[in-house]
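All remarks here apply to the structure that follows.
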Amino acid sequence: MPSGLSRFWGAIAFLLWRSLFWGAIALGIEMLWLVNCRKPSDAIIMPTESQLLKCLVLCQILSNCYQPIQLVRYDENRKEIFIIAGELGTIEITIFEQGQWRYDITQA
């Protein structure tokens, strides 16, 4: 009979495997969608590394403050990440190409 500690680590390993498995399936579905929805001549434009890191940090801060994140969007034309957050969507954050960011709080 396994000890309590080994059952604990077994459960953690199972949960980690399950999240990685479903995450891989979701990534595969997203990649299929990207391949099938874009024309061969279209180049996939991605955010920069500094934009992605800043987006992750800002989303974590919003989450720590119990603010719901309503929308995260990458604008390929302007090369900016746009985040709308807050109970009423009053927090607007723009992350520019070099990782600088600004926020606006609108009145509901």
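By convention in this document, the chains of the structure tokens carry letters A, B, ... by their order, each chain's residues are numbered from 1, and ligands are numbered from 1 in the order they are shown.
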| message | I want to know what sits within 10 Å of A:Cys55, based on only C-alpha atoms, with residues of the same chain fewer than 5 positions away left out; could you give that as an NGL selection string? | response | :A and (49-50 or 60-61 or 72 or 81-83 or 93-95 or 99 or 101)
| request: Kindly give the distance, in Å, that separates atom CA of A:Gln51 and atom CA of A:Glu80, rounded to a single decimal. | output: 8.1 Å
| request: Quick one: pull the distance between atom CA of A:Pro47 and atom CA of A:Pro68, Å, one decimal. | output: 22.5 Å
| message | What's the separation between atom CA of A:Ala85 and atom CA of A:Cys65, in Å to one decimal place? | response | 11.0 Å
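Considering the residues A:Thr48, A:Gln100, A:Gln70, A:Asn64 and counting only C-alpha atoms, A:Gly86 has its shortest atom-to-atom contact with A:Gln70.
Candidate residues A:Ile69, A:Thr106, A:Leu56, A:Gln98 were compared for distance to A:Ile84, and the nearest is A:Ile69, using only C-alpha atoms.
When DSSP is run on the backbone, the residues of stretch 50-107 of chain A that fall into helix (DSSP H, G or I) are Ser50, Gln51, Leu52, Leu53, Lys54, Cys55, Leu56, Val57, Leu58, Cys59, Gln60, Ile61, Leu62, Ser63 and Asn64 of chain A.
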